[in-house]
Structure formats: C-alpha cells, structure tokens
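Peer 1: Pasting in a structure now, in structure tokens, and then I'll have a few things to ask.
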Amino acid sequence: MTCRDVSGFLLEDVAGEIPAHLAGDFQRHVEACQSCRALRAQYEQTIASSRAAFAGEAETMEVPEDVVRLMMQTLPEARKG
Ligand SMILES: [Zn+2]
C-alpha cells in the first residue's frame with residue numbers, strides 16, 4: 001500500500017469502515033510512515049470536532065463536503081512509495 005492508497009482510505013479508517021482485507025496493510029503502512037501517521041491524526045481530529053459539532057443531530061453522520069474538501073487540500077504530495 002502506498003501513501004496515495006493510504007490517503008484514499010483515511011476517511012474509511014477513521015469511520016471504522018475500512019475493508020477488513022485492507023486494514024492490515026493500511027495499519028502497517030501508517031505505523032511505518034510518519035507522514036501518513038500525521039495525516040491520519042489530522043483526520044481524526046477533524047472528524048472528532050465535526051462529530052462534536054453535530055452530536056445529537058444524527059446517529060450516523062456523513063462527513064460534510066466542506067470538511068472533505070478542506071482535508072483534500074491539506075493532503076501532502078504523496079508521490080513516494
Ligand atoms: Zn505513507
């Protein structure tokens with residue numbers, strides 16, 4: 001799994017929806033790759049604050065499009081790997 005792959009699965013991972021057959025590879029890469037680890041921490045924070053803001057409004061929440069767009073803009077150049 002490359003940094004680009006990982007960045008594509010970050011939302012699923014934070015939402016707990018990453019496919020089981022990919023979870024191992026994903027986890028290994030994130031543990032070994034500092035930039036992906038930092039990026040995931042950033043996602044977790046962003047999602048957590050979104051959840052807090054929307055708490056009580058919906059049981060299952062969709063990530064607001066604005067948040068996704070914001071996060072995509074902060075993605076590092078993920079060319080290595
Ligand atoms: Zn990486």
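Residues in the structure tokens are named by chain (A, B, ... in the order shown) and by number from 1 within that chain; ligands are numbered from 1 in the order shown.
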Using only C-alpha atoms and all ligand atoms, determine which residues fall within 6 Å of ligand 1, then list them as JSON, numbers by chain.
Peer 2: {"A": [3, 33, 35, 36]}
Peer 1: Restricting it to all heavy atoms, dump the selection as an mmCIF file, in the first residue's frame.
Peer 2:
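Printed below is out_19.cif as written:
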```cif
data_model
loop_
_atom_site.group_PDB
_atom_site.id
_atom_site.type_symbol
_atom_site.label_atom_id
_atom_site.label_comp_id
_atom_site.auth_asym_id
_atom_site.auth_seq_id
_atom_site.Cartn_x
_atom_site.Cartn_y
_atom_site.Cartn_z
ATOM 1 N N CYS A 3 1.454 5.651 -0.018
ATOM 2 C CA CYS A 3 0.914 6.807 0.686
ATOM 3 C C CYS A 3 -0.385 7.267 0.016
ATOM 4 O O CYS A 3 -1.334 7.674 0.688
ATOM 5 C CB CYS A 3 1.933 7.947 0.670
ATOM 6 S SG CYS A 3 3.365 7.618 1.715
ATOM 7 N N CYS A 33 5.006 4.878 8.455
ATOM 8 C CA CYS A 33 5.148 6.094 7.657
ATOM 9 C C CYS A 33 4.718 7.303 8.479
ATOM 10 O O CYS A 33 3.543 7.456 8.807
ATOM 11 C CB CYS A 33 4.305 5.976 6.391
ATOM 12 S SG CYS A 33 4.376 7.445 5.368
ATOM 13 N N SER A 35 4.512 10.489 7.737
ATOM 14 C CA SER A 35 3.628 11.493 7.136
ATOM 15 C C SER A 35 2.186 10.991 7.108
ATOM 16 O O SER A 35 1.251 11.757 7.338
ATOM 17 C CB SER A 35 4.109 11.884 5.739
ATOM 18 O OG SER A 35 4.102 10.784 4.890
ATOM 19 N N CYS A 36 1.995 9.690 6.861
ATOM 20 C CA CYS A 36 0.633 9.155 6.880
ATOM 21 C C CYS A 36 0.074 9.138 8.296
ATOM 22 O O CYS A 36 -1.115 9.360 8.503
ATOM 23 C CB CYS A 36 0.592 7.758 6.262
ATOM 24 S SG CYS A 36 0.770 7.803 4.465
#
```
Peer 1: Considering only C-alpha atoms, return as a compact mmCIF listing (two decimals) with N, CA and C atoms, in the first residue's frame whatever protein or nucleic-acid residues lie within 12 Å of A:Leu70, sequence-local ones (same chain, fewer than 3 positions apart) excluded.
Peer 2:
```
# COMPACT_ATOMS: atom_id res chain seq x y z
N GLN A 42 -4.52 14.07 11.89
CA GLN A 42 -5.23 15.28 11.49
C GLN A 42 -6.67 14.96 11.12
N TYR A 43 -6.87 13.88 10.40
CA TYR A 43 -8.22 13.44 10.05
C TYR A 43 -9.02 13.15 11.31
N THR A 46 -10.08 16.28 12.94
CA THR A 46 -11.11 16.98 12.18
C THR A 46 -12.45 16.29 12.31
N ILE A 47 -12.44 14.97 12.18
CA ILE A 47 -13.68 14.20 12.30
C ILE A 47 -14.24 14.32 13.71
N VAL A 63 -19.59 12.86 6.61
CA VAL A 63 -18.61 13.94 6.73
C VAL A 63 -19.04 15.06 5.78
N PRO A 64 -19.18 16.24 6.32
CA PRO A 64 -19.59 17.37 5.45
C PRO A 64 -18.63 17.56 4.29
N GLU A 65 -19.19 17.90 3.15
CA GLU A 65 -18.36 18.06 1.96
C GLU A 65 -17.28 19.10 2.16
N ASP A 66 -17.61 20.16 2.86
CA ASP A 66 -16.61 21.20 3.10
C ASP A 66 -15.40 20.65 3.84
N VAL A 67 -15.68 19.78 4.81
CA VAL A 67 -14.59 19.19 5.59
C VAL A 67 -13.72 18.32 4.70
N GLN A 73 -7.33 19.41 0.47
CA GLN A 73 -6.39 20.49 0.17
C GLN A 73 -5.13 20.37 1.02
N THR A 74 -5.26 19.71 2.17
CA THR A 74 -4.10 19.62 3.05
C THR A 74 -3.30 18.35 2.81
N LEU A 75 -3.76 17.51 1.90
CA LEU A 75 -3.02 16.28 1.61
C LEU A 75 -1.61 16.62 1.15
```
Peer 1: Could you please write out, as JSON, numbers by chain, every residue of chain A that DSSP assigns to helix (DSSP H, G or I)?
Peer 2: {"A": [3, 4, 5, 6, 7, 8, 9, 10, 11, 12, 13, 14, 20, 21, 22, 23, 24, 25, 26, 27, 28, 29, 30, 31, 32, 34, 35, 36, 37, 38, 39, 40, 41, 42, 43, 44, 45, 46, 47, 48, 49, 50, 51, 52, 53, 54, 65, 66, 67, 68, 69, 70, 71, 72, 73, 74]}
Peer 1: Next, dump the selected residues to file, keeping only C-alpha atoms, as a PDB file, in the first residue's frame.
Peer 2:
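The new file out.pdb reads:
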```pdb
ATOM      1  CA  CYS A   3       0.914   6.807   0.686  1.00  0.00           C
ATOM      2  CA  ARG A   4      -1.612   7.616  -2.013  1.00  0.00           C
ATOM      3  CA  ASP A   5      -3.583   4.457  -1.236  1.00  0.00           C
ATOM      4  CA  VAL A   6      -3.486   5.256   2.449  1.00  0.00           C
ATOM      5  CA  SER A   7      -4.724   8.804   1.909  1.00  0.00           C
ATOM      6  CA  GLY A   8      -7.651   7.359  -0.044  1.00  0.00           C
ATOM      7  CA  PHE A   9      -8.635   5.140   2.873  1.00  0.00           C
ATOM      8  CA  LEU A  10      -8.171   7.605   5.710  1.00  0.00           C
ATOM      9  CA  LEU A  11     -11.818   8.588   5.844  1.00  0.00           C
ATOM     10  CA  GLU A  12     -12.900   4.953   5.852  1.00  0.00           C
ATOM     11  CA  ASP A  13     -10.394   4.166   8.554  1.00  0.00           C
ATOM     12  CA  VAL A  14     -11.460   7.000  10.802  1.00  0.00           C
ATOM     13  CA  ALA A  20     -11.124  -5.886   6.521  1.00  0.00           C
ATOM     14  CA  HIS A  21      -8.796  -7.294   3.870  1.00  0.00           C
ATOM     15  CA  LEU A  22      -7.080  -3.901   3.579  1.00  0.00           C
ATOM     16  CA  ALA A  23      -6.958  -2.996   7.237  1.00  0.00           C
ATOM     17  CA  GLY A  24      -3.719  -4.885   7.908  1.00  0.00           C
ATOM     18  CA  ASP A  25      -1.789  -3.292   5.061  1.00  0.00           C
ATOM     19  CA  PHE A  26      -3.196   0.083   5.928  1.00  0.00           C
ATOM     20  CA  GLN A  27      -2.238  -0.245   9.576  1.00  0.00           C
ATOM     21  CA  ARG A  28       1.285  -1.417   8.748  1.00  0.00           C
ATOM     22  CA  HIS A  29       1.881   1.473   6.387  1.00  0.00           C
ATOM     23  CA  VAL A  30       0.552   4.061   8.819  1.00  0.00           C
ATOM     24  CA  GLU A  31       2.706   2.673  11.598  1.00  0.00           C
ATOM     25  CA  ALA A  32       5.804   2.777   9.406  1.00  0.00           C
ATOM     26  CA  GLN A  34       5.392   9.272   9.652  1.00  0.00           C
ATOM     27  CA  SER A  35       3.628  11.493   7.136  1.00  0.00           C
ATOM     28  CA  CYS A  36       0.633   9.155   6.880  1.00  0.00           C
ATOM     29  CA  ARG A  37       0.521   8.900  10.655  1.00  0.00           C
ATOM     30  CA  ALA A  38       0.437  12.680  10.949  1.00  0.00           C
ATOM     31  CA  LEU A  39      -2.218  12.908   8.263  1.00  0.00           C
ATOM     32  CA  ARG A  40      -4.396  10.335   9.969  1.00  0.00           C
ATOM     33  CA  ALA A  41      -4.076  12.162  13.279  1.00  0.00           C
ATOM     34  CA  GLN A  42      -5.226  15.285  11.492  1.00  0.00           C
ATOM     35  CA  TYR A  43      -8.224  13.441  10.047  1.00  0.00           C
ATOM     36  CA  GLU A  44      -9.120  12.035  13.432  1.00  0.00           C
ATOM     37  CA  GLN A  45      -9.049  15.486  14.964  1.00  0.00           C
ATOM     38  CA  THR A  46     -11.110  16.980  12.180  1.00  0.00           C
ATOM     39  CA  ILE A  47     -13.685  14.205  12.295  1.00  0.00           C
ATOM     40  CA  ALA A  48     -13.819  14.314  16.064  1.00  0.00           C
ATOM     41  CA  SER A  49     -14.532  18.020  16.094  1.00  0.00           C
ATOM     42  CA  SER A  50     -17.131  17.579  13.340  1.00  0.00           C
ATOM     43  CA  ARG A  51     -18.783  14.827  15.343  1.00  0.00           C
ATOM     44  CA  ALA A  52     -18.843  17.024  18.414  1.00  0.00           C
ATOM     45  CA  ALA A  53     -20.417  19.828  16.420  1.00  0.00           C
ATOM     46  CA  PHE A  54     -23.091  17.510  15.043  1.00  0.00           C
ATOM     47  CA  GLU A  65     -18.360  18.057   1.957  1.00  0.00           C
ATOM     48  CA  ASP A  66     -16.610  21.202   3.102  1.00  0.00           C
ATOM     49  CA  VAL A  67     -14.590  19.194   5.593  1.00  0.00           C
ATOM     50  CA  VAL A  68     -13.617  16.658   2.957  1.00  0.00           C
ATOM     51  CA  ARG A  69     -12.580  19.399   0.575  1.00  0.00           C
ATOM     52  CA  LEU A  70     -10.544  21.088   3.284  1.00  0.00           C
ATOM     53  CA  MET A  71      -8.789  17.858   4.125  1.00  0.00           C
ATOM     54  CA  MET A  72      -8.061  17.102   0.496  1.00  0.00           C
ATOM     55  CA  GLN A  73      -6.389  20.487   0.171  1.00  0.00           C
ATOM     56  CA  THR A  74      -4.103  19.616   3.054  1.00  0.00           C
TER      57      THR A  74
END
```
